[in-house]
Amino acid sequence: MTKMTNPDMVVTMQRCSAIVTDEGGLTAHASIVSREMGIPAVVGTQFATEKLKEGEIITVNGYNGKIYKGKISESVKKEVHPVKAETKTKLKLIVDLPSFAERASRTGLKDVGLLRVEGIIAESGKHPYYFLQNNLVKDYEEIIFKGINGIAKYFDSVWVRTSDIRSDEFRELDGSPKDIEANPMLGMHGIRYSLNHPEILKAELRAMKRVSQHGKKIGVLSPQIISVDEVRKLKEFVKEIGFNNAKIGVMVETPASVQIIKELCEEGIDFVSFGTNDLTQYTLAIDRGNEQVQNIYDEMHPAVLHQIEFVINVCREKGVETSICGQAGSKKEMVKFLVEKGITSISVNADVASEIAEYVSEIEGSLNGEGEFSGKKEVIDSENNEIGDDEHKSKDLKNEEEAVKEKENSKVEKEKNKVEETPIIRGAEYFDNQESGAESVEGLDIF
Ligand code: PEP
Ligand code: MG
């Protein structure tokens with residue numbers, strides 16, 4: 001139980017059986033990290049640290065966001081299920097922590113669409129600036145290399161994001177800069193920090209290059225991009241270190257990157273990935289970490305959707321692959337929108353991978369030649385550098401009749417096994433409290 005978890009608490013979080021915070025929203029890093037670890041979490045309760053006593057026994061239900069007095073149920077391990085459905089839209093994973101990569105790999109998916117190096121940095125206990133100050137950049141490279149490699153060994157391709165460290169989130173790490181920014185969300189992080197500290201950036205790029213030399217396809221994903229110049233400079237560094245087989249990608253997570261998407265494509269990039277956590281925050285002027293405004297934080301806001309659609313269309317024209325790595329990619333309503341608009345791939349959390357794959361397959365089936373996706377989707381695969389026609393794993397349906405029959409059967413099957421909607425925060429454990437008659441702690445069942 002804490003006011004707010006930060007990414008620099010990753011090591012402590014791994015020892016927790018559940019997490020409850022006063023502050024934060026569903027796209028705060030505390031939520032994202034606990035989800036990857038499979039730890040039940042309820043965030044943004046506002047009063048937990050006041051209402052709950054030190055040492056008090058509680059039961060945390062990450063599905064419904066409720067907290068119960070006492071131990072009302074044994075915890076049950078929730079497995080990561082293998083992905084069975086075949087889809088034209090490629091499914092990728094979000095994996096940030098080497099210690100949880102094996103768990104994610106149980107999905108059977110072979111591509112990682114987002115690896116945040118901040119997880120690796122947090123586990124090291126030291127801020128990148130520490131290494132710079134102490135002339136130990138080589139050590140930093142080694143830590144990043146080992147971390148990426150520890151994840152990449154389970155997969156074929158990984159899009160690694162260069163570091164995106166907000167000053168308020170990593171304050172506890174050794175050597176972290178002590179300046180207090182008034183608006184850390186709008187401050188010195190992402191590509192602007194990297195370009196101000198090229199030695200740190202180059203160490204990260206060298207680490208990625210070394211992993212690629214171990215036979216892995218690596219994409220360099222660049223966060224918080226707002227100008228073509230930033231991409232140009234990033235590419236110069238990639239070239240300078242001789243990372244010639246790197247694919248270059250841009251996070252579309254600022255309204256600026258949406259506005260200049262045509263120019264970004266023309267600069268020469270291989271892929272874009274929607275960072276909807278930030279794109280929503282910056283478009284709606286809603287702090288994603290502030291629990292007081294989470295009720296109006298909405299990734300499905302028309303202003304967000306409009307930008308996504310625009311970018312997908314421009315990128316399709318320019319032959320640039322589109323993907324999503326924000327939390328919204330694990331939500332069905334967004335998935336439906338993206339598949340209909342013809343996104344190339346979707347990155348999901350391991351815990352919902354099989355469910356989302358089923359859903360994608362269902363939507364693709366129901367489009368059946370209609371909509372922008374149209375079943376004749378032009379597939380752009382930056383890893384293989386190919387532009388083809390329905391090339392990915394498309395169902396080999398022999399004829400129209402067979403397709404219709406299969407669709408009907410799968411509909412019936414899905415009705416039978418109706419899966420619960422994505423929970424508030426889904427952990428690897430859940431508590432079956434439906435029949436326990438337990439009371440929730442007053443005022444904390446906020447969702
Ligand atoms: C995003 O903004 O959607 C994203 C994936 O990046 P992060 O959550 O690390 O800011
Ligand atoms: Mg972001």
# chains A, B, ... in the order shown; residues from 1 in each chain; ligands from 1

call {"tool": "residues_around", "arguments": {"residues": "Gly215 of chain A", "least_positions_apart": "5", "cutoff": "10 Å", "atoms": "only C-alpha atoms", "output": "list in words"}}
result
Ala152, Lys153, Asp156, Ser157 and Arg210 of chain A

call {"tool": "write_last_selection", "arguments": {"atoms": "N, CA and C atoms", "output": "mmCIF file, in the first residue's frame"}}
result
data_model
loop_
_atom_site.group_PDB
_atom_site.id
_atom_site.type_symbol
_atom_site.label_atom_id
_atom_site.label_comp_id
_atom_site.auth_asym_id
_atom_site.auth_seq_id
_atom_site.Cartn_x
_atom_site.Cartn_y
_atom_site.Cartn_z
ATOM 1 N N ALA A 152 14.815 -10.658 -25.430
ATOM 2 C CA ALA A 152 14.849 -11.037 -26.852
ATOM 3 C C ALA A 152 15.056 -12.536 -27.060
ATOM 4 N N LYS A 153 15.681 -13.198 -26.102
ATOM 5 C CA LYS A 153 15.967 -14.630 -26.315
ATOM 6 C C LYS A 153 14.688 -15.464 -26.477
ATOM 7 N N ASP A 156 11.496 -13.447 -31.724
ATOM 8 C CA ASP A 156 12.226 -13.274 -32.983
ATOM 9 C C ASP A 156 12.583 -11.814 -33.226
ATOM 10 N N SER A 157 11.606 -10.951 -32.928
ATOM 11 C CA SER A 157 11.860 -9.535 -33.191
ATOM 12 C C SER A 157 11.404 -8.701 -32.006
ATOM 13 N N ARG A 210 24.085 -4.891 -30.494
ATOM 14 C CA ARG A 210 24.688 -6.160 -30.062
ATOM 15 C C ARG A 210 23.637 -7.277 -30.014
#

call {"tool": "select_by_dssp", "arguments": {"residues": "segment 200-367 of chain A", "states": "alpha helix (DSSP H)", "output": "ChimeraX atom specification"}}
result
/A:200-212,228-240,255-259,261-268,276-284,302-318,332-341,353-367

call {"tool": "write_last_selection", "arguments": {"atoms": "C-alpha atoms", "output": "PDB file, in the first residue's frame"}}
result
ATOM      1  CA  ILE A 200      23.429   7.684 -23.011  1.00  0.00           C
ATOM      2  CA  LEU A 201      21.508   7.336 -26.262  1.00  0.00           C
ATOM      3  CA  LYS A 202      24.462   5.830 -28.088  1.00  0.00           C
ATOM      4  CA  ALA A 203      25.012   3.325 -25.270  1.00  0.00           C
ATOM      5  CA  GLU A 204      21.390   2.188 -25.642  1.00  0.00           C
ATOM      6  CA  LEU A 205      21.753   1.951 -29.432  1.00  0.00           C
ATOM      7  CA  ARG A 206      24.981  -0.030 -29.124  1.00  0.00           C
ATOM      8  CA  ALA A 207      23.243  -2.427 -26.730  1.00  0.00           C
ATOM      9  CA  MET A 208      20.445  -2.923 -29.283  1.00  0.00           C
ATOM     10  CA  LYS A 209      22.954  -3.435 -32.077  1.00  0.00           C
ATOM     11  CA  ARG A 210      24.688  -6.160 -30.062  1.00  0.00           C
ATOM     12  CA  VAL A 211      21.368  -7.957 -29.542  1.00  0.00           C
ATOM     13  CA  SER A 212      20.725  -7.750 -33.285  1.00  0.00           C
ATOM     14  CA  VAL A 228      11.491  15.639 -38.076  1.00  0.00           C
ATOM     15  CA  ASP A 229      14.793  16.961 -36.841  1.00  0.00           C
ATOM     16  CA  GLU A 230      14.690  14.633 -33.827  1.00  0.00           C
ATOM     17  CA  VAL A 231      14.249  11.624 -36.104  1.00  0.00           C
ATOM     18  CA  ARG A 232      17.009  12.830 -38.402  1.00  0.00           C
ATOM     19  CA  LYS A 233      19.398  13.166 -35.458  1.00  0.00           C
ATOM     20  CA  LEU A 234      18.437   9.760 -34.089  1.00  0.00           C
ATOM     21  CA  LYS A 235      19.164   8.232 -37.487  1.00  0.00           C
ATOM     22  CA  GLU A 236      22.550   9.941 -37.567  1.00  0.00           C
ATOM     23  CA  PHE A 237      23.468   8.279 -34.268  1.00  0.00           C
ATOM     24  CA  VAL A 238      22.221   4.920 -35.513  1.00  0.00           C
ATOM     25  CA  LYS A 239      24.411   5.361 -38.570  1.00  0.00           C
ATOM     26  CA  GLU A 240      27.383   6.581 -36.537  1.00  0.00           C
ATOM     27  CA  PRO A 255      -0.413  15.671 -31.298  1.00  0.00           C
ATOM     28  CA  ALA A 256       2.652  17.223 -32.994  1.00  0.00           C
ATOM     29  CA  SER A 257       3.747  13.863 -34.378  1.00  0.00           C
ATOM     30  CA  VAL A 258       0.265  13.394 -35.808  1.00  0.00           C
ATOM     31  CA  GLN A 259       0.352  16.787 -37.513  1.00  0.00           C
ATOM     32  CA  ILE A 261       3.219  12.423 -39.873  1.00  0.00           C
ATOM     33  CA  LYS A 262       3.637  12.895 -43.623  1.00  0.00           C
ATOM     34  CA  GLU A 263       6.992  14.609 -43.129  1.00  0.00           C
ATOM     35  CA  LEU A 264       8.089  11.962 -40.619  1.00  0.00           C
ATOM     36  CA  CYS A 265       7.307   9.238 -43.150  1.00  0.00           C
ATOM     37  CA  GLU A 266       9.149  11.136 -45.855  1.00  0.00           C
ATOM     38  CA  GLU A 267      12.212  11.431 -43.622  1.00  0.00           C
ATOM     39  CA  GLY A 268      12.408   7.649 -43.877  1.00  0.00           C
ATOM     40  CA  THR A 276      -2.224   6.101 -26.750  1.00  0.00           C
ATOM     41  CA  ASN A 277      -1.434   6.558 -23.059  1.00  0.00           C
ATOM     42  CA  ASP A 278       0.298   9.815 -23.861  1.00  0.00           C
ATOM     43  CA  LEU A 279      -1.585  10.683 -27.031  1.00  0.00           C
ATOM     44  CA  THR A 280      -4.771  10.744 -24.950  1.00  0.00           C
ATOM     45  CA  GLN A 281      -3.094  12.705 -22.166  1.00  0.00           C
ATOM     46  CA  TYR A 282      -1.650  15.355 -24.475  1.00  0.00           C
ATOM     47  CA  THR A 283      -4.715  15.630 -26.705  1.00  0.00           C
ATOM     48  CA  LEU A 284      -7.265  15.934 -23.917  1.00  0.00           C
ATOM     49  CA  PRO A 302     -13.213  11.184 -31.035  1.00  0.00           C
ATOM     50  CA  ALA A 303     -10.238  13.564 -31.015  1.00  0.00           C
ATOM     51  CA  VAL A 304      -7.904  10.640 -30.299  1.00  0.00           C
ATOM     52  CA  LEU A 305      -9.571   8.294 -32.774  1.00  0.00           C
ATOM     53  CA  HIS A 306      -9.530  10.921 -35.483  1.00  0.00           C
ATOM     54  CA  GLN A 307      -5.765  11.300 -35.142  1.00  0.00           C
ATOM     55  CA  ILE A 308      -5.189   7.557 -35.192  1.00  0.00           C
ATOM     56  CA  GLU A 309      -7.235   7.131 -38.333  1.00  0.00           C
ATOM     57  CA  PHE A 310      -5.444  10.007 -40.029  1.00  0.00           C
ATOM     58  CA  VAL A 311      -2.023   8.556 -39.220  1.00  0.00           C
ATOM     59  CA  ILE A 312      -2.991   5.054 -40.381  1.00  0.00           C
ATOM     60  CA  ASN A 313      -4.140   6.469 -43.718  1.00  0.00           C
ATOM     61  CA  VAL A 314      -1.032   8.578 -44.292  1.00  0.00           C
ATOM     62  CA  CYS A 315       1.262   5.720 -43.302  1.00  0.00           C
ATOM     63  CA  ARG A 316      -0.542   3.303 -45.598  1.00  0.00           C
ATOM     64  CA  GLU A 317       0.006   5.735 -48.482  1.00  0.00           C
ATOM     65  CA  LYS A 318       3.668   6.071 -47.580  1.00  0.00           C
ATOM     66  CA  LYS A 332     -11.654  -4.550 -27.221  1.00  0.00           C
ATOM     67  CA  GLU A 333     -13.353  -1.339 -28.258  1.00  0.00           C
ATOM     68  CA  MET A 334     -10.059   0.138 -29.439  1.00  0.00           C
ATOM     69  CA  VAL A 335      -9.019  -3.121 -31.085  1.00  0.00           C
ATOM     70  CA  LYS A 336     -12.218  -3.124 -33.125  1.00  0.00           C
ATOM     71  CA  PHE A 337     -11.573   0.426 -34.280  1.00  0.00           C
ATOM     72  CA  LEU A 338      -7.959  -0.292 -35.201  1.00  0.00           C
ATOM     73  CA  VAL A 339      -8.695  -3.470 -37.126  1.00  0.00           C
ATOM     74  CA  GLU A 340     -11.462  -1.744 -39.053  1.00  0.00           C
ATOM     75  CA  LYS A 341      -9.106   1.095 -39.920  1.00  0.00           C
ATOM     76  CA  ALA A 353      -3.199 -11.888 -25.799  1.00  0.00           C
ATOM     77  CA  SER A 354      -5.266 -14.983 -26.550  1.00  0.00           C
ATOM     78  CA  GLU A 355      -8.553 -13.208 -25.849  1.00  0.00           C
ATOM     79  CA  ILE A 356      -7.628 -10.243 -28.058  1.00  0.00           C
ATOM     80  CA  ALA A 357      -6.418 -12.536 -30.849  1.00  0.00           C
ATOM     81  CA  GLU A 358      -9.801 -14.307 -30.826  1.00  0.00           C
ATOM     82  CA  TYR A 359     -11.509 -10.968 -30.969  1.00  0.00           C
ATOM     83  CA  VAL A 360      -9.352  -9.682 -33.841  1.00  0.00           C
ATOM     84  CA  SER A 361     -10.090 -12.829 -35.778  1.00  0.00           C
ATOM     85  CA  GLU A 362     -13.797 -12.371 -35.117  1.00  0.00           C
ATOM     86  CA  ILE A 363     -13.753  -8.756 -36.340  1.00  0.00           C
ATOM     87  CA  GLU A 364     -11.728  -9.643 -39.403  1.00  0.00           C
ATOM     88  CA  GLY A 365     -14.228 -12.376 -40.151  1.00  0.00           C
ATOM     89  CA  SER A 366     -17.179 -10.055 -39.767  1.00  0.00           C
ATOM     90  CA  LEU A 367     -15.632  -7.419 -42.027  1.00  0.00           C
TER      91      LEU A 367
END

call {"tool": "residues_around", "arguments": {"residues": "segment 32-35 of chain A", "least_positions_apart": "4", "cutoff": "10 Å", "atoms": "only C-alpha atoms", "output": "MDAnalysis selection string"}}
result
chainID A and resid 5:7 9:10 13:14 16 18:19 25:28 39:42 62 94:97 119 326:327 349:351 425:428

call {"tool": "closest_residue", "arguments": {"among": "A:Thr87, A:Gln292, A:Gln133, A:Ser347", "to": "ligand 1", "atoms": "only C-alpha atoms and all ligand atoms"}}
result
A:Ser347

call {"tool": "residues_near_ligand", "arguments": {"ligand": "ligand 2", "cutoff": "12 Å", "atoms": "only C-alpha atoms and all ligand atoms", "output": "PyMOL selection string"}}
result
chain A and resi 27-29+32+114-116+118+161-166+185-186+189-191+221-225+250-254+273-282+288+324-327

call {"tool": "select_by_dssp", "arguments": {"residues": "segment 237-396 of chain A", "states": "strand (DSSP E)", "output": "PyMOL selection string"}}
result
chain A and resi 247-252+271-274+321-324+345-348+378-381+386-389

call {"tool": "write_last_selection", "arguments": {"atoms": "N, CA and C atoms", "output": "PDB file, in the first residue's frame"}}
result
ATOM      1  N   LYS A 247      15.692  -1.173 -37.782  1.00  0.00           N
ATOM      2  CA  LYS A 247      14.471  -0.560 -38.313  1.00  0.00           C
ATOM      3  C   LYS A 247      14.189   0.655 -37.441  1.00  0.00           C
ATOM      4  N   ILE A 248      13.736   1.710 -38.064  1.00  0.00           N
ATOM      5  CA  ILE A 248      13.520   2.944 -37.304  1.00  0.00           C
ATOM      6  C   ILE A 248      12.026   3.203 -37.135  1.00  0.00           C
ATOM      7  N   GLY A 249      11.638   3.404 -35.883  1.00  0.00           N
ATOM      8  CA  GLY A 249      10.225   3.645 -35.592  1.00  0.00           C
ATOM      9  C   GLY A 249      10.015   4.860 -34.712  1.00  0.00           C
ATOM     10  N   VAL A 250       8.824   5.408 -34.837  1.00  0.00           N
ATOM     11  CA  VAL A 250       8.478   6.614 -34.092  1.00  0.00           C
ATOM     12  C   VAL A 250       7.226   6.350 -33.269  1.00  0.00           C
ATOM     13  N   MET A 251       7.248   6.749 -32.006  1.00  0.00           N
ATOM     14  CA  MET A 251       6.032   6.703 -31.199  1.00  0.00           C
ATOM     15  C   MET A 251       5.152   7.870 -31.628  1.00  0.00           C
ATOM     16  N   VAL A 252       3.931   7.565 -32.009  1.00  0.00           N
ATOM     17  CA  VAL A 252       2.975   8.649 -32.259  1.00  0.00           C
ATOM     18  C   VAL A 252       2.218   8.821 -30.960  1.00  0.00           C
ATOM     19  N   PHE A 271       8.375   2.222 -39.242  1.00  0.00           N
ATOM     20  CA  PHE A 271       7.098   1.972 -38.559  1.00  0.00           C
ATOM     21  C   PHE A 271       6.768   3.088 -37.584  1.00  0.00           C
ATOM     22  N   VAL A 272       5.485   3.187 -37.275  1.00  0.00           N
ATOM     23  CA  VAL A 272       5.055   4.069 -36.179  1.00  0.00           C
ATOM     24  C   VAL A 272       4.275   3.214 -35.179  1.00  0.00           C
ATOM     25  N   SER A 273       4.289   3.647 -33.930  1.00  0.00           N
ATOM     26  CA  SER A 273       3.501   2.937 -32.938  1.00  0.00           C
ATOM     27  C   SER A 273       2.735   3.963 -32.093  1.00  0.00           C
ATOM     28  N   PHE A 274       1.419   3.748 -31.999  1.00  0.00           N
ATOM     29  CA  PHE A 274       0.599   4.705 -31.250  1.00  0.00           C
ATOM     30  C   PHE A 274       0.809   4.519 -29.751  1.00  0.00           C
ATOM     31  N   GLU A 321       4.653   0.917 -41.760  1.00  0.00           N
ATOM     32  CA  GLU A 321       3.864   0.029 -40.906  1.00  0.00           C
ATOM     33  C   GLU A 321       3.281   0.789 -39.707  1.00  0.00           C
ATOM     34  N   THR A 322       2.038   0.437 -39.337  1.00  0.00           N
ATOM     35  CA  THR A 322       1.416   1.083 -38.169  1.00  0.00           C
ATOM     36  C   THR A 322       1.149   0.060 -37.071  1.00  0.00           C
ATOM     37  N   SER A 323       1.304   0.522 -35.826  1.00  0.00           N
ATOM     38  CA  SER A 323       1.120  -0.376 -34.704  1.00  0.00           C
ATOM     39  C   SER A 323       0.630   0.433 -33.505  1.00  0.00           C
ATOM     40  N   ILE A 324       0.271  -0.267 -32.431  1.00  0.00           N
ATOM     41  CA  ILE A 324      -0.111   0.433 -31.199  1.00  0.00           C
ATOM     42  C   ILE A 324       0.601  -0.238 -30.037  1.00  0.00           C
ATOM     43  N   SER A 345      -0.372  -3.890 -36.986  1.00  0.00           N
ATOM     44  CA  SER A 345      -0.187  -4.793 -35.839  1.00  0.00           C
ATOM     45  C   SER A 345      -0.660  -4.129 -34.553  1.00  0.00           C
ATOM     46  N   ILE A 346      -0.897  -4.982 -33.544  1.00  0.00           N
ATOM     47  CA  ILE A 346      -1.380  -4.507 -32.248  1.00  0.00           C
ATOM     48  C   ILE A 346      -0.529  -5.155 -31.164  1.00  0.00           C
ATOM     49  N   SER A 347      -0.006  -4.337 -30.268  1.00  0.00           N
ATOM     50  CA  SER A 347       0.759  -4.898 -29.152  1.00  0.00           C
ATOM     51  C   SER A 347      -0.124  -4.969 -27.924  1.00  0.00           C
ATOM     52  N   VAL A 348      -0.101  -6.120 -27.285  1.00  0.00           N
ATOM     53  CA  VAL A 348      -0.999  -6.350 -26.149  1.00  0.00           C
ATOM     54  C   VAL A 348      -0.221  -6.818 -24.926  1.00  0.00           C
ATOM     55  N   GLU A 378      -3.440  -4.355 -47.416  1.00  0.00           N
ATOM     56  CA  GLU A 378      -2.066  -4.349 -47.871  1.00  0.00           C
ATOM     57  C   GLU A 378      -1.191  -4.519 -46.649  1.00  0.00           C
ATOM     58  N   VAL A 379      -0.410  -5.550 -46.620  1.00  0.00           N
ATOM     59  CA  VAL A 379       0.367  -5.818 -45.432  1.00  0.00           C
ATOM     60  C   VAL A 379       1.772  -5.254 -45.586  1.00  0.00           C
ATOM     61  N   ILE A 380       2.117  -4.408 -44.628  1.00  0.00           N
ATOM     62  CA  ILE A 380       3.455  -3.835 -44.657  1.00  0.00           C
ATOM     63  C   ILE A 380       4.188  -4.418 -43.473  1.00  0.00           C
ATOM     64  N   ASP A 381       5.273  -5.073 -43.707  1.00  0.00           N
ATOM     65  CA  ASP A 381       5.996  -5.694 -42.615  1.00  0.00           C
ATOM     66  C   ASP A 381       7.410  -5.141 -42.598  1.00  0.00           C
ATOM     67  N   GLU A 386       8.836  -5.988 -46.683  1.00  0.00           N
ATOM     68  CA  GLU A 386       8.040  -6.408 -47.821  1.00  0.00           C
ATOM     69  C   GLU A 386       6.703  -5.721 -47.794  1.00  0.00           C
ATOM     70  N   ILE A 387       6.163  -5.492 -48.958  1.00  0.00           N
ATOM     71  CA  ILE A 387       4.785  -5.047 -49.033  1.00  0.00           C
ATOM     72  C   ILE A 387       4.070  -6.100 -49.848  1.00  0.00           C
ATOM     73  N   GLY A 388       3.116  -6.741 -49.217  1.00  0.00           N
ATOM     74  CA  GLY A 388       2.456  -7.842 -49.908  1.00  0.00           C
ATOM     75  C   GLY A 388       0.963  -7.725 -49.815  1.00  0.00           C
ATOM     76  N   ASP A 389       0.282  -8.756 -50.196  1.00  0.00           N
ATOM     77  CA  ASP A 389      -1.165  -8.751 -50.190  1.00  0.00           C
ATOM     78  C   ASP A 389      -1.666  -9.893 -49.317  1.00  0.00           C
TER      79      ASP A 389
END

call {"tool": "atom_distance", "arguments": {"atom1": "atom CA of His197 of chain A", "atom2": "atom CA of Ser167 of chain A"}}
result
14.6 Å

call {"tool": "closest_residue", "arguments": {"among": "A:Asn134, A:Ser105, A:Ser99, A:Gln213", "to": "Gly147 of chain A", "atoms": "only C-alpha atoms"}}
result
A:Ser99
